[in-house]
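Listing of run_21.cif, mmCIF, C-alpha atoms
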```
data_upload
#
loop_
_atom_site.label_atom_id
_atom_site.label_comp_id
_atom_site.auth_asym_id
_atom_site.auth_seq_id
_atom_site.Cartn_x
_atom_site.Cartn_y
_atom_site.Cartn_z
CA MET A 1 0.00 0.00 0.00
CA TYR A 2 1.36 3.37 -0.94
CA LYS A 3 1.26 6.58 1.03
CA LEU A 4 0.95 10.28 0.42
CA ALA A 5 3.04 12.98 1.96
CA VAL A 6 3.18 16.74 2.04
CA LEU A 7 6.37 18.70 2.51
CA GLY A 8 6.64 22.34 3.31
CA ASP A 9 6.77 24.92 6.03
CA ARG A 10 4.69 24.36 9.11
CA GLU A 11 1.84 26.74 8.40
CA SER A 12 1.35 25.75 4.78
CA ILE A 13 0.97 22.07 5.41
CA LEU A 14 -1.12 22.23 8.57
CA GLY A 15 -4.40 21.49 6.88
CA TYR A 16 -3.31 18.50 4.87
CA ARG A 17 -3.26 16.33 7.93
CA THR A 18 -7.03 16.48 8.02
CA LEU A 19 -7.05 14.73 4.63
CA GLY A 20 -5.11 11.82 6.02
CA PHE A 21 -1.84 12.79 4.32
CA ASP A 22 1.42 12.44 6.17
CA VAL A 23 2.99 15.81 6.68
CA ARG A 24 6.63 16.69 7.25
CA ALA A 25 7.44 20.20 8.23
CA CYS A 26 10.77 21.49 6.96
CA GLU A 27 11.95 25.01 7.48
CA ASN A 28 15.12 25.04 5.39
CA GLU A 29 16.50 23.41 2.28
CA GLU A 30 18.63 20.87 4.13
CA GLU A 31 15.71 19.50 6.05
CA GLY A 32 13.68 19.60 2.88
CA SER A 33 16.02 17.55 0.74
CA ASP A 34 16.66 15.07 3.56
CA ALA A 35 12.94 14.62 4.08
CA LEU A 36 12.35 14.29 0.34
CA HIS A 37 14.91 11.55 -0.10
CA SER A 38 13.79 9.61 2.93
CA LEU A 39 10.16 9.82 1.84
CA ALA A 40 11.07 8.60 -1.62
CA LYS A 41 12.92 5.66 -0.08
CA GLU A 42 10.05 4.79 2.22
CA GLY A 43 7.76 4.16 -0.70
CA TYR A 44 5.63 7.24 -0.82
CA ALA A 45 3.93 7.34 -4.20
CA VAL A 46 2.96 10.99 -4.24
CA ILE A 47 4.84 13.77 -2.51
CA TYR A 48 3.37 17.25 -2.55
CA ILE A 49 5.85 20.05 -1.98
CA THR A 50 5.12 23.70 -1.48
CA GLU A 51 6.56 25.86 -4.23
CA GLN A 52 8.34 27.98 -1.66
CA LEU A 53 10.35 24.96 -0.55
CA ALA A 54 10.59 23.36 -3.98
CA CYS A 55 12.33 26.31 -5.60
CA ARG A 56 15.18 25.85 -3.15
CA ILE A 57 15.67 22.12 -3.64
CA GLU A 58 15.13 21.94 -7.38
CA GLU A 59 18.06 19.60 -7.98
CA ASP A 60 16.79 17.05 -5.51
CA ILE A 61 13.39 17.09 -7.15
CA ALA A 62 14.85 16.75 -10.65
CA LYS A 63 16.35 13.41 -9.63
CA TYR A 64 12.91 11.85 -9.46
CA LYS A 65 11.60 13.38 -12.64
CA ASP A 66 12.23 10.39 -14.89
CA SER A 67 11.33 7.57 -12.54
CA PRO A 68 7.70 6.40 -12.38
CA LEU A 69 7.51 6.84 -8.62
CA PRO A 70 7.36 8.96 -6.58
CA ALA A 71 5.37 11.66 -8.31
CA ILE A 72 6.50 14.99 -6.94
CA ILE A 73 3.87 17.65 -7.31
CA LEU A 74 4.25 21.30 -6.48
CA ILE A 75 1.46 23.05 -4.64
CA PRO A 76 1.13 26.70 -3.64
CA GLY A 77 2.16 27.41 -0.07
CA LYS A 78 0.78 29.92 2.38
CA THR A 79 2.10 32.93 0.51
CA GLY A 80 0.35 31.97 -2.70
CA SER A 81 1.44 30.53 -6.00
CA LEU A 82 4.82 31.38 -7.44
CA GLY A 83 3.96 29.93 -10.82
CA ILE A 84 6.66 27.29 -10.60
CA GLY A 85 4.18 24.45 -10.84
CA MET A 86 2.75 25.87 -14.04
CA LYS A 87 6.23 26.43 -15.35
CA GLY A 88 6.93 22.76 -14.78
CA VAL A 89 4.07 21.76 -17.05
CA HIS A 90 5.27 24.13 -19.75
CA ALA A 91 8.80 22.78 -19.36
CA ALA A 92 7.47 19.29 -20.04
CA VAL A 93 5.78 20.56 -23.22
CA GLU A 94 8.98 22.23 -24.29
CA ARG A 95 10.94 19.07 -23.68
CA ALA A 96 8.57 16.97 -25.74
CA VAL A 97 7.71 19.29 -28.58
CA GLY A 98 10.80 21.46 -28.74
CA ALA A 99 8.81 24.64 -28.21
CA ASP A 100 6.16 25.63 -25.74
CA ILE A 101 3.12 25.43 -27.97
CA LEU A 102 0.63 25.86 -25.14
CA ALA A 103 2.20 29.02 -23.81
CA ASP A 104 -0.80 31.26 -24.39
CA ALA A 105 -3.41 28.62 -23.67
CA MET B 1 28.35 13.18 -45.59
CA ALA B 2 31.23 10.95 -44.73
CA THR B 3 31.16 7.40 -45.92
CA MET B 4 31.82 4.50 -43.63
CA ASN B 5 35.18 2.88 -43.57
CA VAL B 6 34.41 -0.44 -45.24
CA ASN B 7 35.90 -2.61 -47.97
CA PRO B 8 34.20 -2.16 -51.34
CA THR B 9 33.20 -5.76 -51.83
CA ARG B 10 30.02 -7.43 -52.97
CA MET B 11 29.53 -8.98 -49.55
CA GLU B 12 29.83 -5.64 -47.82
CA LEU B 13 27.37 -4.15 -50.29
CA LYS B 14 24.79 -6.80 -49.54
CA ARG B 15 25.24 -6.33 -45.82
CA LEU B 16 24.85 -2.56 -46.08
CA LYS B 17 21.74 -2.87 -48.22
CA ASN B 18 20.18 -5.05 -45.56
CA ARG B 19 21.09 -2.54 -42.91
CA LEU B 20 19.57 0.25 -44.95
CA THR B 21 16.22 -1.51 -45.26
CA THR B 22 16.21 -2.19 -41.52
CA ALA B 23 17.09 1.41 -40.79
CA ARG B 24 14.31 2.65 -43.07
CA ARG B 25 11.75 0.42 -41.44
CA GLY B 26 12.94 1.39 -37.96
CA HIS B 27 12.75 5.03 -38.90
CA LYS B 28 9.18 4.70 -40.09
CA LEU B 29 8.10 2.82 -36.98
CA LEU B 30 9.78 5.29 -34.65
CA LYS B 31 8.22 8.18 -36.49
CA ASP B 32 4.79 6.64 -36.03
CA LYS B 33 5.53 6.06 -32.38
CA ARG B 34 6.62 9.64 -31.95
CA ASP B 35 3.47 10.98 -33.59
CA GLU B 36 1.18 8.84 -31.47
CA LEU B 37 3.07 9.69 -28.29
CA MET B 38 2.77 13.34 -29.13
CA LYS B 39 -0.97 13.03 -29.59
CA ARG B 40 -1.42 11.37 -26.22
CA PHE B 41 0.97 13.76 -24.59
CA LEU B 42 -0.87 16.83 -25.77
CA ASP B 43 -4.18 15.46 -24.46
CA ILE B 44 -2.63 14.76 -21.08
CA VAL B 45 -0.86 18.07 -20.88
CA ARG B 46 -4.00 20.03 -21.69
CA GLU B 47 -5.87 18.29 -18.92
CA ASN B 48 -2.90 18.75 -16.66
CA LEU B 49 -2.90 22.52 -17.20
CA GLU B 50 -6.59 22.78 -16.49
CA LEU B 51 -6.38 20.65 -13.37
CA ARG B 52 -3.45 22.60 -12.09
CA ARG B 53 -5.27 25.85 -12.50
CA GLU B 54 -8.26 24.49 -10.64
CA VAL B 55 -6.25 22.88 -7.86
CA GLU B 56 -4.02 25.89 -7.34
CA ALA B 57 -7.00 28.20 -7.03
CA ALA B 58 -8.66 25.89 -4.51
CA LEU B 59 -5.49 25.45 -2.48
CA ILE B 60 -4.84 29.15 -2.37
CA ALA B 61 -8.39 29.68 -1.12
CA ALA B 62 -7.90 27.01 1.52
CA ASN B 63 -4.62 28.55 2.59
CA ARG B 64 -6.32 31.89 2.94
CA GLY B 65 -8.90 30.23 5.14
CA PHE B 66 -6.22 28.77 7.34
CA ALA B 67 -4.49 32.13 7.54
CA VAL B 68 -7.68 33.84 8.67
CA ALA B 69 -8.36 31.04 11.13
CA SER B 70 -4.90 31.35 12.59
CA ALA B 71 -5.48 35.07 13.02
CA VAL B 72 -8.77 34.51 14.82
CA MET B 73 -7.73 31.58 16.93
CA SER B 74 -4.70 31.08 19.06
CA SER B 75 -2.00 29.13 17.31
CA GLU B 76 -2.01 26.39 19.96
CA ILE B 77 -5.68 25.69 19.49
CA LEU B 78 -5.33 25.74 15.72
CA GLU B 79 -2.45 23.32 15.91
CA GLN B 80 -4.34 21.08 18.28
CA SER B 81 -7.44 21.09 16.14
CA LEU B 82 -5.55 19.89 13.13
CA MET B 83 -3.27 17.59 15.03
CA CYS B 84 -4.98 14.34 14.23
CA SER B 85 -7.06 13.26 11.31
CA THR B 86 -10.29 11.35 11.22
CA LYS B 87 -9.50 9.95 7.84
CA SER B 88 -6.78 7.84 6.50
CA VAL B 89 -6.08 7.53 2.81
CA GLU B 90 -5.05 4.32 1.18
CA LEU B 91 -3.38 4.87 -2.12
CA ASP B 92 -3.17 2.19 -4.73
CA VAL B 93 -0.84 2.42 -7.69
CA SER B 94 -1.29 0.51 -10.89
CA TYR B 95 0.57 1.04 -14.11
CA LYS B 96 -0.91 1.89 -17.43
CA ASN B 97 1.02 1.30 -20.59
CA ILE B 98 0.89 4.22 -22.98
CA MET B 99 2.95 3.39 -26.07
CA SER B 100 5.36 1.27 -24.01
CA VAL B 101 5.74 3.96 -21.37
CA ASP B 102 4.63 2.80 -17.96
CA VAL B 103 2.73 5.60 -16.30
CA PRO B 104 1.35 5.26 -12.79
CA GLU B 105 -2.34 5.40 -12.10
CA PHE B 106 -3.43 6.36 -8.64
CA SER B 107 -6.62 5.26 -7.05
CA PHE B 108 -7.38 5.93 -3.45
CA SER B 109 -9.85 4.78 -0.89
CA GLU B 110 -10.66 6.72 2.20
CA SER B 111 -11.78 5.23 5.43
CA ASP B 112 -15.15 6.89 5.66
CA GLY B 113 -17.84 7.27 8.28
CA HIS B 114 -16.47 10.23 10.17
CA SER B 115 -16.97 13.85 9.48
CA ILE B 116 -14.11 15.57 7.73
CA TYR B 117 -13.55 17.86 10.68
CA PRO B 118 -11.16 16.35 13.18
CA TYR B 119 -12.17 18.78 15.93
CA GLY B 120 -15.11 19.97 17.91
CA TYR B 121 -16.72 23.23 16.91
CA ALA B 122 -16.51 24.93 20.29
CA MET B 123 -13.02 26.36 20.10
CA THR B 124 -12.58 26.84 16.39
CA SER B 125 -13.68 29.45 13.92
CA GLY B 126 -15.88 29.07 10.87
CA GLU B 127 -13.08 29.97 8.52
CA LEU B 128 -11.26 26.85 9.56
CA ASP B 129 -14.29 24.75 8.68
CA ASP B 130 -14.42 26.31 5.25
CA ALA B 131 -10.74 25.74 4.67
CA VAL B 132 -10.89 22.10 5.71
CA ASP B 133 -14.00 21.60 3.65
CA GLY B 134 -12.38 23.15 0.57
CA LEU B 135 -9.32 21.03 1.01
CA SER B 136 -11.23 17.78 1.24
CA LYS B 137 -13.28 18.68 -1.82
CA ILE B 138 -10.20 19.25 -3.94
CA MET B 139 -8.57 16.02 -2.82
CA PRO B 140 -9.64 13.84 -5.80
CA SER B 141 -8.40 16.51 -8.20
CA LEU B 142 -5.19 16.74 -6.25
CA LEU B 143 -4.55 13.06 -6.83
CA ARG B 144 -5.58 13.22 -10.44
CA LEU B 145 -3.19 16.12 -10.88
CA ALA B 146 -0.40 13.97 -9.47
CA GLN B 147 -1.16 11.24 -11.97
CA MET B 148 -1.44 13.61 -14.93
CA GLU B 149 1.67 15.51 -14.10
CA LYS B 150 3.76 12.39 -13.65
CA SER B 151 2.40 10.95 -16.90
CA ALA B 152 3.24 14.18 -18.70
CA GLN B 153 6.80 14.11 -17.37
CA LEU B 154 7.34 10.49 -18.30
CA LEU B 155 5.85 10.90 -21.76
CA ALA B 156 7.90 14.02 -22.37
CA GLN B 157 11.02 12.06 -21.58
CA GLU B 158 10.03 9.24 -23.92
CA ILE B 159 9.14 11.65 -26.72
CA GLU B 160 12.48 13.37 -26.37
CA LYS B 161 14.24 10.03 -26.60
CA THR B 162 12.20 8.87 -29.59
CA ARG B 163 12.69 12.15 -31.40
CA ARG B 164 16.44 11.86 -31.02
CA ARG B 165 16.38 8.37 -32.42
CA VAL B 166 14.23 9.41 -35.36
CA ASN B 167 16.55 12.30 -36.14
CA ALA B 168 19.66 10.18 -35.78
CA LEU B 169 18.26 7.67 -38.24
CA GLU B 170 16.94 10.27 -40.64
CA TYR B 171 19.89 12.63 -40.75
CA VAL B 172 22.87 10.43 -39.93
CA MET B 173 22.34 6.71 -40.29
CA ILE B 174 20.33 6.57 -43.50
CA PRO B 175 22.31 9.17 -45.50
CA GLN B 176 25.54 7.54 -44.41
CA LEU B 177 24.38 4.12 -45.50
CA GLU B 178 23.12 5.45 -48.81
CA GLU B 179 26.37 7.25 -49.44
CA THR B 180 28.45 4.17 -48.64
CA ILE B 181 26.31 1.96 -50.83
CA ARG B 182 26.74 4.40 -53.70
CA MET B 183 30.50 4.47 -53.11
CA ILE B 184 30.74 0.66 -53.21
CA THR B 185 28.59 0.37 -56.32
CA MET B 186 30.78 2.91 -58.11
CA LYS B 187 33.93 1.08 -57.07
CA LEU B 188 32.54 -2.27 -58.20
CA ASP B 189 31.37 -0.81 -61.52
CA GLU B 190 34.76 0.76 -62.04
CA ASN B 191 36.43 -2.60 -61.39
CA GLU B 192 34.05 -4.21 -63.85
CA ARG B 193 34.88 -1.68 -66.53
CA GLY B 194 38.58 -2.07 -65.83
CA ASN B 195 38.24 -5.80 -66.21
CA LEU B 196 36.34 -5.44 -69.48
CA THR B 197 38.93 -3.17 -71.09
CA ARG B 198 41.68 -5.51 -69.97
CA LEU B 199 39.93 -8.44 -71.60
CA MET B 200 39.39 -6.49 -74.82
CA LYS B 201 43.02 -5.49 -74.82
CA VAL B 202 44.16 -9.09 -74.33
CA LYS B 203 41.84 -10.25 -77.07
CA ASP B 204 43.26 -7.59 -79.38
CA MET B 205 46.79 -8.68 -78.60
CA MET B 206 45.93 -12.33 -79.22
CA ILE B 207 44.35 -11.56 -82.57
CA ARG B 208 47.36 -9.51 -83.64
CA GLU B 209 49.70 -12.32 -82.62
CA GLN B 210 47.74 -14.79 -84.70
CA MET B 211 47.73 -12.53 -87.72
CA GLN B 212 51.52 -12.15 -87.44
CA LYS B 213 51.91 -15.97 -87.31
CA GLY B 214 49.74 -16.32 -90.38
CA ASN B 215 51.95 -13.96 -92.38
#
```

Would you mind giving the structure from this file in structure tokens?
Amino acid sequence: MYKLAVLGDRESILGYRTLGFDVRACENEEEGSDALHSLAKEGYAVIYITEQLACRIEEDIAKYKDSPLPAIILIPGKTGSLGIGMKGVHAAVERAVGADILADA
Amino acid sequence: MATMNVNPTRMELKRLKNRLTTARRGHKLLKDKRDELMKRFLDIVRENLELRREVEAALIAANRGFAVASAVMSSEILEQSLMCSTKSVELDVSYKNIMSVDVPEFSFSESDGHSIYPYGYAMTSGELDDAVDGLSKIMPSLLRLAQMEKSAQLLAQEIEKTRRRVNALEYVMIPQLEETIRMITMKLDENERGNLTRLMKVKDMMIREQMQKGN
């Protein structure tokens, strides 16, 4: 059986516990990347990360990009969306097509 | 285009011709694969974009709710209220094969029966209820987003790989093979012509010799 986890700063991830997700609070990048790697090893299938944290541990996240699991999904944190999640989708388009053909869509 | 470093022999020519037909067939198949992958990918990515927009908006709203709640309530009570959950989520992962790319499919089951609010209403504010409610409503989309986004990433990787292969075949392998085959054919033809003139020359010499003997 697989599990779900949420990573981010304390206030952003507070509510996800009510959904039955496991939450790990991390305040800095070191804690973040440690938590990410340990979660990935423990067999979490989906890991949600706040954009605020994700933009500081991009390299760690990129490691899991091409493996089927875990899926690492960026979500907006308490200070709102930074647009990194959207940028990720457009980056995938660019990688596949060669140009971002959905840019204005 | 540089030719390959091979001996211009009939055997080599036959081998190269075989390779060329294989390369052509592979190129066609890979091109078809790339086109189909692209079609699927674009469908997935469009849905992905829409889902992301929806989920982000809902999550931002929920976060706002939590922020207001934390302003109204003391942080200890807020923390306590959200400390434990009434639900637990069981996630199941199966794999779907899209054009030989294994993409995960998530399905989840919640233990149901309880209310979504893990706290009593006495000490908490209404904003918190709204936030929790919004969060639990967006949960299926949140999971679907995870599936879509992972699929999009995996397909993008596969498309990139396939495109490289197609291009390598189209612009390197096939022209090189064609060029080498042409080179070998020319060489062989040249040898053939050389042989023919030599034979004619020898024949000429023999005839002349005979005519001299006759005299």

Original post:
Hey, which of A:Glu58, A:Asp100, A:Glu30, A:Glu94 ends up closest to Leu74 (chain A)? Count only C-alpha atoms.
Top reply: A:Glu58

**OP:** Evaluate the PyMOL selection byres ((chain B) within 8 of (chain A)) and record the selected residues as a PyMOL selection string, following the chain and residue labels used in the document.
**Re:** chain B and resi 38+45+48-49+52+56+59-60+63-64+66-67+79+82-93+102-104+116-118+131-132+135-136+139+146-147+149-150+152-157+159-160

**OP:** Calculate how many Å separate CA of Leu142 (chain B) from CA of Ala57 (chain B), rounding to one decimal.
**Re:**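 Taking CA of Leu142 (chain B) and CA of Ala57 (chain B), their separation equals 11.6 Å.
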
Original post:
Selected by the PyMOL selection byres ((chain B and resi 163) around 10) in the shown coordinates: which residues, as a PyMOL selection string?
Top reply: (chain A and resi 96-98) or (chain B and resi 30-31+33-35+157-162+164-169)

Original post:
If you measure from CA of Leu16 (chain B) to CA of Glu192 (chain B), what distance in Å do you get, rounded to one decimal?
Top reply: 20.1 Å

Repaired coordinates for region 47-66 of chain A (N, CA and C atoms) as a short mmCIF file (atom, residue, chain, number, x, y, z; two decimals), in the coordinates of the input:
```cif
data_model
loop_
_atom_site.label_atom_id
_atom_site.label_comp_id
_atom_site.auth_asym_id
_atom_site.auth_seq_id
_atom_site.Cartn_x
_atom_site.Cartn_y
_atom_site.Cartn_z
N ILE A 47 4.31 12.83 -3.49
CA ILE A 47 4.84 13.77 -2.51
C ILE A 47 4.49 15.18 -2.99
N TYR A 48 3.70 15.86 -2.23
CA TYR A 48 3.37 17.25 -2.55
C TYR A 48 4.37 18.15 -1.84
N ILE A 49 4.88 19.12 -2.57
CA ILE A 49 5.85 20.05 -1.98
C ILE A 49 5.38 21.47 -2.25
N THR A 50 5.49 22.31 -1.25
CA THR A 50 5.12 23.70 -1.48
C THR A 50 6.15 24.34 -2.41
N GLU A 51 5.67 25.24 -3.25
CA GLU A 51 6.56 25.86 -4.23
C GLU A 51 7.69 26.62 -3.53
N GLN A 52 7.34 27.19 -2.37
CA GLN A 52 8.34 27.98 -1.66
C GLN A 52 9.54 27.12 -1.26
N LEU A 53 9.25 25.88 -0.90
CA LEU A 53 10.35 24.96 -0.55
C LEU A 53 10.98 24.40 -1.82
N ALA A 54 10.12 24.07 -2.78
CA ALA A 54 10.59 23.36 -3.98
C ALA A 54 11.61 24.18 -4.76
N CYS A 55 11.42 25.51 -4.78
CA CYS A 55 12.33 26.31 -5.60
C CYS A 55 13.73 26.32 -5.00
N ARG A 56 13.85 25.86 -3.75
CA ARG A 56 15.18 25.85 -3.15
C ARG A 56 15.84 24.48 -3.23
N ILE A 57 15.07 23.45 -3.53
CA ILE A 57 15.67 22.12 -3.64
C ILE A 57 15.37 21.51 -5.01
N GLU A 58 15.47 22.37 -6.03
CA GLU A 58 15.13 21.94 -7.38
C GLU A 58 15.93 20.72 -7.83
N GLU A 59 17.22 20.70 -7.49
CA GLU A 59 18.06 19.60 -7.98
C GLU A 59 17.62 18.27 -7.39
N ASP A 60 17.23 18.30 -6.13
CA ASP A 60 16.79 17.05 -5.51
C ASP A 60 15.52 16.55 -6.17
N ILE A 61 14.66 17.49 -6.53
CA ILE A 61 13.39 17.09 -7.15
C ILE A 61 13.63 16.54 -8.55
N ALA A 62 14.58 17.16 -9.26
CA ALA A 62 14.85 16.75 -10.65
C ALA A 62 15.29 15.30 -10.73
N LYS A 63 15.89 14.80 -9.63
CA LYS A 63 16.35 13.41 -9.63
C LYS A 63 15.22 12.43 -9.85
N TYR A 64 14.03 12.80 -9.40
CA TYR A 64 12.91 11.85 -9.46
C TYR A 64 12.03 12.08 -10.68
N LYS A 65 12.46 12.99 -11.53
CA LYS A 65 11.60 13.38 -12.64
C LYS A 65 11.33 12.22 -13.60
N ASP A 66 12.37 11.41 -13.86
CA ASP A 66 12.23 10.39 -14.89
C ASP A 66 11.89 9.01 -14.36
#
```
